[in-house]
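Engineer: Here you go, target_12.cif (mmCIF, N, CA and C atoms):
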```cif
data_upload
loop_
_atom_site.label_atom_id
_atom_site.label_comp_id
_atom_site.auth_asym_id
_atom_site.auth_seq_id
_atom_site.Cartn_x
_atom_site.Cartn_y
_atom_site.Cartn_z
N MET A 1 94.11 136.06 86.12
CA MET A 1 93.36 136.07 84.88
C MET A 1 94.31 136.47 83.76
N SER A 2 95.05 135.51 83.23
CA SER A 2 96.02 135.78 82.18
C SER A 2 95.32 135.75 80.83
N LEU A 3 95.49 136.82 80.06
CA LEU A 3 94.85 136.92 78.76
C LEU A 3 95.68 136.32 77.64
N VAL A 4 96.99 136.34 77.79
CA VAL A 4 97.87 135.81 76.76
C VAL A 4 99.23 135.54 77.39
N SER A 5 99.92 134.55 76.88
CA SER A 5 101.26 134.26 77.37
C SER A 5 102.19 135.41 77.04
N HIS A 6 102.92 135.88 78.03
CA HIS A 6 103.85 136.98 77.82
C HIS A 6 105.10 136.52 77.07
N ARG A 7 105.28 135.22 76.91
CA ARG A 7 106.44 134.69 76.21
C ARG A 7 106.27 134.79 74.70
N SER A 8 105.05 134.87 74.24
CA SER A 8 104.77 134.89 72.81
C SER A 8 104.84 136.31 72.28
N ALA A 9 105.50 136.49 71.14
CA ALA A 9 105.57 137.82 70.54
C ALA A 9 104.25 138.17 69.85
N PHE A 10 103.51 137.17 69.41
CA PHE A 10 102.24 137.41 68.73
C PHE A 10 101.19 136.46 69.27
N ASP A 11 99.94 136.94 69.38
CA ASP A 11 98.86 136.05 69.78
C ASP A 11 98.32 135.34 68.54
N LEU A 12 97.27 134.57 68.70
CA LEU A 12 96.74 133.78 67.57
C LEU A 12 96.26 134.64 66.42
N HIS A 13 95.90 135.88 66.66
CA HIS A 13 95.39 136.76 65.60
C HIS A 13 96.47 137.63 65.00
N GLY A 14 97.72 137.42 65.39
CA GLY A 14 98.81 138.19 64.83
C GLY A 14 99.04 139.53 65.52
N HIS A 15 98.39 139.79 66.62
CA HIS A 15 98.61 141.03 67.35
C HIS A 15 99.86 140.90 68.19
N SER A 16 100.56 141.98 68.35
CA SER A 16 101.77 141.91 69.16
C SER A 16 101.41 141.62 70.61
N GLY A 17 102.29 140.92 71.28
CA GLY A 17 102.09 140.62 72.69
C GLY A 17 101.99 141.89 73.51
N THR A 18 102.64 142.94 73.05
CA THR A 18 102.58 144.23 73.75
C THR A 18 101.15 144.72 73.85
N SER A 19 100.37 144.55 72.81
CA SER A 19 98.98 145.01 72.82
C SER A 19 98.16 144.30 73.87
N MET A 20 98.34 142.98 73.97
CA MET A 20 97.60 142.22 74.97
C MET A 20 98.13 142.50 76.36
N ARG A 21 99.43 142.75 76.49
CA ARG A 21 99.97 143.09 77.81
C ARG A 21 99.37 144.40 78.30
N LYS A 22 99.11 145.32 77.38
CA LYS A 22 98.49 146.58 77.78
C LYS A 22 97.11 146.32 78.39
N VAL A 23 96.34 145.41 77.78
CA VAL A 23 95.03 145.06 78.32
C VAL A 23 95.20 144.52 79.74
N SER A 24 96.15 143.62 79.92
CA SER A 24 96.41 143.05 81.24
C SER A 24 96.82 144.12 82.24
N GLU A 25 97.66 145.04 81.80
CA GLU A 25 98.09 146.13 82.68
C GLU A 25 96.90 146.99 83.09
N TYR A 26 96.05 147.32 82.15
CA TYR A 26 94.87 148.13 82.46
C TYR A 26 93.98 147.41 83.48
N GLU A 27 93.79 146.11 83.28
CA GLU A 27 92.95 145.33 84.20
C GLU A 27 93.59 145.25 85.59
N LEU A 28 94.90 145.09 85.64
CA LEU A 28 95.59 145.07 86.93
C LEU A 28 95.49 146.42 87.64
N ASN A 29 95.60 147.50 86.89
CA ASN A 29 95.44 148.84 87.47
C ASN A 29 94.04 149.01 88.06
N ALA A 30 93.04 148.52 87.35
CA ALA A 30 91.66 148.60 87.84
C ALA A 30 91.51 147.80 89.13
N GLN A 31 92.08 146.60 89.16
CA GLN A 31 92.01 145.77 90.37
C GLN A 31 92.67 146.46 91.55
N GLU A 32 93.81 147.09 91.30
CA GLU A 32 94.53 147.79 92.37
C GLU A 32 93.68 148.94 92.92
N CYS A 33 93.04 149.68 92.03
CA CYS A 33 92.17 150.78 92.47
C CYS A 33 91.02 150.25 93.32
N LEU A 34 90.44 149.11 92.91
CA LEU A 34 89.34 148.53 93.67
C LEU A 34 89.80 148.05 95.05
N LYS A 35 90.99 147.46 95.11
CA LYS A 35 91.53 147.01 96.40
C LYS A 35 91.74 148.20 97.34
N LEU A 36 92.34 149.26 96.79
CA LEU A 36 92.58 150.45 97.61
C LEU A 36 91.26 151.07 98.06
N ALA A 37 90.29 151.13 97.17
CA ALA A 37 88.98 151.71 97.52
C ALA A 37 88.33 150.92 98.66
N ALA A 38 88.53 149.62 98.67
CA ALA A 38 87.94 148.78 99.72
C ALA A 38 88.58 149.04 101.08
N MET A 39 89.82 149.54 101.08
CA MET A 39 90.54 149.78 102.33
C MET A 39 90.37 151.20 102.86
N ILE A 40 89.86 152.08 102.04
CA ILE A 40 89.79 153.51 102.41
C ILE A 40 88.40 153.85 102.93
N SER A 41 88.38 154.61 104.03
CA SER A 41 87.08 154.97 104.61
C SER A 41 86.59 156.35 104.13
N ASP A 42 87.51 157.20 103.70
CA ASP A 42 87.12 158.54 103.25
C ASP A 42 86.29 158.42 101.97
N PRO A 43 85.03 158.91 102.01
CA PRO A 43 84.13 158.75 100.85
C PRO A 43 84.64 159.40 99.57
N GLU A 44 85.29 160.57 99.68
CA GLU A 44 85.79 161.25 98.48
C GLU A 44 86.92 160.46 97.82
N HIS A 45 87.83 159.95 98.64
CA HIS A 45 88.94 159.17 98.10
C HIS A 45 88.44 157.85 97.52
N LYS A 46 87.49 157.24 98.21
CA LYS A 46 86.92 155.98 97.73
C LYS A 46 86.26 156.19 96.38
N THR A 47 85.49 157.27 96.25
CA THR A 47 84.81 157.58 94.99
C THR A 47 85.82 157.83 93.88
N ALA A 48 86.89 158.56 94.19
CA ALA A 48 87.92 158.84 93.19
C ALA A 48 88.56 157.54 92.70
N LEU A 49 88.87 156.63 93.62
CA LEU A 49 89.47 155.36 93.24
C LEU A 49 88.51 154.50 92.42
N LEU A 50 87.24 154.53 92.76
CA LEU A 50 86.25 153.77 91.99
C LEU A 50 86.11 154.33 90.57
N HIS A 51 86.18 155.64 90.44
CA HIS A 51 86.15 156.26 89.11
C HIS A 51 87.40 155.89 88.32
N MET A 52 88.54 155.87 89.00
CA MET A 52 89.78 155.46 88.33
C MET A 52 89.68 154.01 87.86
N ALA A 53 89.16 153.15 88.69
CA ALA A 53 88.99 151.73 88.31
C ALA A 53 88.09 151.63 87.09
N ASP A 54 87.00 152.39 87.11
CA ASP A 54 86.08 152.41 85.98
C ASP A 54 86.78 152.82 84.69
N THR A 55 87.62 153.82 84.78
CA THR A 55 88.34 154.30 83.61
C THR A 55 89.30 153.25 83.09
N TRP A 56 90.03 152.58 83.97
CA TRP A 56 90.95 151.51 83.55
C TRP A 56 90.18 150.38 82.87
N ILE A 57 89.00 150.04 83.43
CA ILE A 57 88.18 148.98 82.84
C ILE A 57 87.70 149.38 81.45
N MET A 58 87.27 150.64 81.30
CA MET A 58 86.83 151.11 79.98
C MET A 58 87.99 151.07 78.97
N LEU A 59 89.19 151.45 79.40
CA LEU A 59 90.35 151.39 78.52
C LEU A 59 90.64 149.95 78.10
N ALA A 60 90.57 149.02 79.04
CA ALA A 60 90.82 147.61 78.72
C ALA A 60 89.78 147.09 77.73
N HIS A 61 88.51 147.41 77.96
CA HIS A 61 87.45 146.95 77.06
C HIS A 61 87.63 147.55 75.67
N GLY A 62 87.98 148.82 75.60
CA GLY A 62 88.20 149.47 74.31
C GLY A 62 89.36 148.83 73.57
N ARG A 63 90.42 148.53 74.29
CA ARG A 63 91.59 147.89 73.68
C ARG A 63 91.23 146.50 73.17
N LYS A 64 90.48 145.73 73.98
CA LYS A 64 90.05 144.39 73.56
C LYS A 64 89.20 144.47 72.30
N LYS A 65 88.31 145.45 72.26
CA LYS A 65 87.42 145.61 71.11
C LYS A 65 88.24 145.89 69.85
N ARG A 66 89.22 146.79 69.97
CA ARG A 66 90.06 147.09 68.81
C ARG A 66 90.85 145.88 68.37
N LEU A 67 91.36 145.11 69.33
CA LEU A 67 92.12 143.91 69.00
C LEU A 67 91.26 142.88 68.28
N SER A 68 89.99 142.78 68.67
CA SER A 68 89.10 141.80 68.05
C SER A 68 88.69 142.20 66.64
N GLN A 69 88.90 143.46 66.29
CA GLN A 69 88.50 143.95 64.97
C GLN A 69 89.56 143.72 63.90
N GLY A 70 90.73 143.27 64.31
CA GLY A 70 91.77 142.99 63.32
C GLY A 70 93.11 143.52 63.76
N PRO A 71 94.11 143.32 62.91
CA PRO A 71 95.47 143.75 63.26
C PRO A 71 95.53 145.25 63.55
N LEU A 72 96.39 145.59 64.50
CA LEU A 72 96.57 146.99 64.86
C LEU A 72 97.40 147.70 63.82
N SER A 73 97.07 148.94 63.58
CA SER A 73 97.95 149.76 62.74
C SER A 73 99.14 150.17 63.58
N ASN A 74 100.15 150.70 62.95
CA ASN A 74 101.34 151.13 63.68
C ASN A 74 101.03 152.22 64.69
N ASN A 75 99.98 152.98 64.51
CA ASN A 75 99.67 154.08 65.40
C ASN A 75 98.83 153.68 66.59
N ASP A 76 98.22 152.50 66.60
CA ASP A 76 97.34 152.12 67.70
C ASP A 76 98.09 151.99 69.02
N ASP A 77 99.29 151.44 69.02
CA ASP A 77 100.05 151.35 70.27
C ASP A 77 100.42 152.72 70.78
N ALA A 78 100.70 153.64 69.90
CA ALA A 78 101.09 154.99 70.31
C ALA A 78 99.95 155.73 70.99
N THR A 79 98.70 155.41 70.66
CA THR A 79 97.57 156.12 71.26
C THR A 79 97.39 155.78 72.72
N ASP A 80 97.96 154.65 73.16
CA ASP A 80 97.80 154.24 74.56
C ASP A 80 99.04 154.54 75.40
N GLU A 81 100.04 155.12 74.82
CA GLU A 81 101.24 155.44 75.59
C GLU A 81 100.97 156.57 76.54
N GLU A 82 101.56 156.48 77.71
CA GLU A 82 101.39 157.55 78.70
C GLU A 82 102.67 158.29 78.87
#
```
Take the structure in the file and give it back as C-alpha coordinates.
Structural biologist:
Amino acid sequence: MSLVSHRSAFDLHGHSGTSMRKVSEYELNAQECLKLAAMISDPEHKTALLHMADTWIMLAHGRKKRLSQGPLSNNDDATDEE
(Lines of atoms letter the chains of each structure in order from A and count residues from 1; the text may use other names and numbers.)
(Lines give C-alpha, C1' and ligand atoms only; values in the text may rest on other atoms or scores of the structure.)
Protein backbone atom coordinates (compact mmCIF):
# COMPACT_ATOMS: atom_id res chain seq x y z
CA MET A 1 0.00 0.00 0.00
CA SER A 2 2.22 2.78 -1.30
CA LEU A 3 0.99 6.25 -0.43
CA VAL A 4 3.46 8.24 -2.50
CA SER A 5 6.46 7.61 -4.71
CA HIS A 6 9.63 7.80 -2.65
CA ARG A 7 11.46 9.17 -5.70
CA SER A 8 9.54 12.44 -5.60
CA ALA A 9 10.73 15.22 -3.32
CA PHE A 10 7.22 16.70 -3.18
CA ASP A 11 3.75 15.21 -3.53
CA LEU A 12 0.96 16.87 -5.52
CA HIS A 13 0.11 19.21 -2.63
CA GLY A 14 3.67 20.44 -2.18
CA HIS A 15 4.37 18.42 0.96
CA SER A 16 7.82 17.00 1.32
CA GLY A 17 8.21 13.33 0.52
CA THR A 18 9.61 12.92 4.02
CA SER A 19 6.20 13.72 5.50
CA MET A 20 4.45 11.06 3.46
CA ARG A 21 7.24 8.56 4.14
CA LYS A 22 6.59 9.07 7.84
CA VAL A 23 2.95 8.05 7.28
CA SER A 24 4.14 4.94 5.45
CA GLU A 25 6.61 4.15 8.22
CA TYR A 26 3.91 4.48 10.87
CA GLU A 27 1.61 2.18 8.90
CA LEU A 28 4.39 -0.38 8.42
CA ASN A 29 5.15 -0.29 12.14
CA ALA A 30 1.47 -0.95 12.87
CA GLN A 31 1.43 -3.88 10.44
CA GLU A 32 4.54 -5.35 12.07
CA CYS A 33 2.94 -5.11 15.52
CA LEU A 34 -0.19 -6.86 14.21
CA LYS A 35 1.88 -9.64 12.63
CA LEU A 36 3.79 -10.19 15.86
CA ALA A 37 0.58 -10.14 17.90
CA ALA A 38 -0.86 -12.86 15.67
CA MET A 39 2.15 -15.09 16.39
CA ILE A 40 2.27 -14.60 20.15
CA SER A 41 0.21 -16.70 22.53
CA ASP A 42 0.91 -14.77 25.74
CA PRO A 43 -2.19 -12.57 26.31
CA GLU A 44 -0.27 -9.71 27.97
CA HIS A 45 2.28 -9.47 25.17
CA LYS A 46 -0.44 -9.77 22.53
CA THR A 47 -2.41 -6.95 24.17
CA ALA A 48 0.70 -4.77 24.37
CA LEU A 49 1.43 -5.29 20.67
CA LEU A 50 -2.18 -4.54 19.73
CA HIS A 51 -2.01 -1.30 21.73
CA MET A 52 1.24 -0.42 19.98
CA ALA A 53 -0.36 -1.07 16.59
CA ASP A 54 -3.28 1.14 17.59
CA THR A 55 -0.91 3.93 18.52
CA TRP A 56 0.99 3.71 15.21
CA ILE A 57 -2.34 3.80 13.33
CA MET A 58 -3.46 6.87 15.29
CA LEU A 59 -0.14 8.59 14.50
CA ALA A 60 -0.52 7.80 10.79
CA HIS A 61 -4.10 9.10 10.72
CA GLY A 62 -3.10 12.27 12.56
CA ARG A 63 -0.23 12.86 10.15
CA LYS A 64 -2.52 12.29 7.13
CA LYS A 65 -5.05 14.73 8.57
CA ARG A 66 -2.40 17.42 9.03
CA LEU A 67 -1.10 16.84 5.51
CA SER A 68 -4.59 17.21 4.06
CA GLN A 69 -5.02 20.57 5.82
CA GLY A 70 -2.24 22.25 3.89
CA PRO A 71 1.52 22.68 3.73
CA LEU A 72 3.47 21.72 6.81
CA SER A 73 5.21 24.36 8.83
CA ASN A 74 8.90 23.89 9.47
CA ASN A 75 8.13 22.58 12.96
CA ASP A 76 5.67 19.83 11.96
CA ASP A 77 8.39 17.35 10.95
CA ALA A 78 10.22 17.99 14.21
CA THR A 79 7.16 17.01 16.27
CA ASP A 80 7.31 13.46 14.89
CA GLU A 81 11.02 12.88 15.37
CA GLU A 82 11.96 10.18 17.82
Engineer: Could you tell me how far atom C of Ala48 (chain A) lies from CA of Glu32 (chain A), in Å and to one decimal?
Structural biologist: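 Answer for the atom C of Ala48 (chain A) to CA of Glu32 (chain A) separation: 11.4 Å.
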Engineer: Neighbouring residues of Thr47 (chain A) were defined as those with any atom within 12 Å, considering only C-alpha atoms; residues of the same chain fewer than 3 positions away were excluded. Please report them as JSON, numbers by chain.
Structural biologist: {"A": [33, 34, 36, 37, 38, 40, 41, 42, 43, 44, 50, 51, 52, 53, 54]}
Engineer: Quote the spacing between CA of Glu25 (chain A) and atom N of Leu59 (chain A) in Å to one decimal place.
Structural biologist: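 Those two atoms sit 10.9 Å apart.
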Engineer: CA of Arg21 (chain A) and atom N of Thr55 (chain A), how far apart in Å?
Structural biologist: 17.8 Å
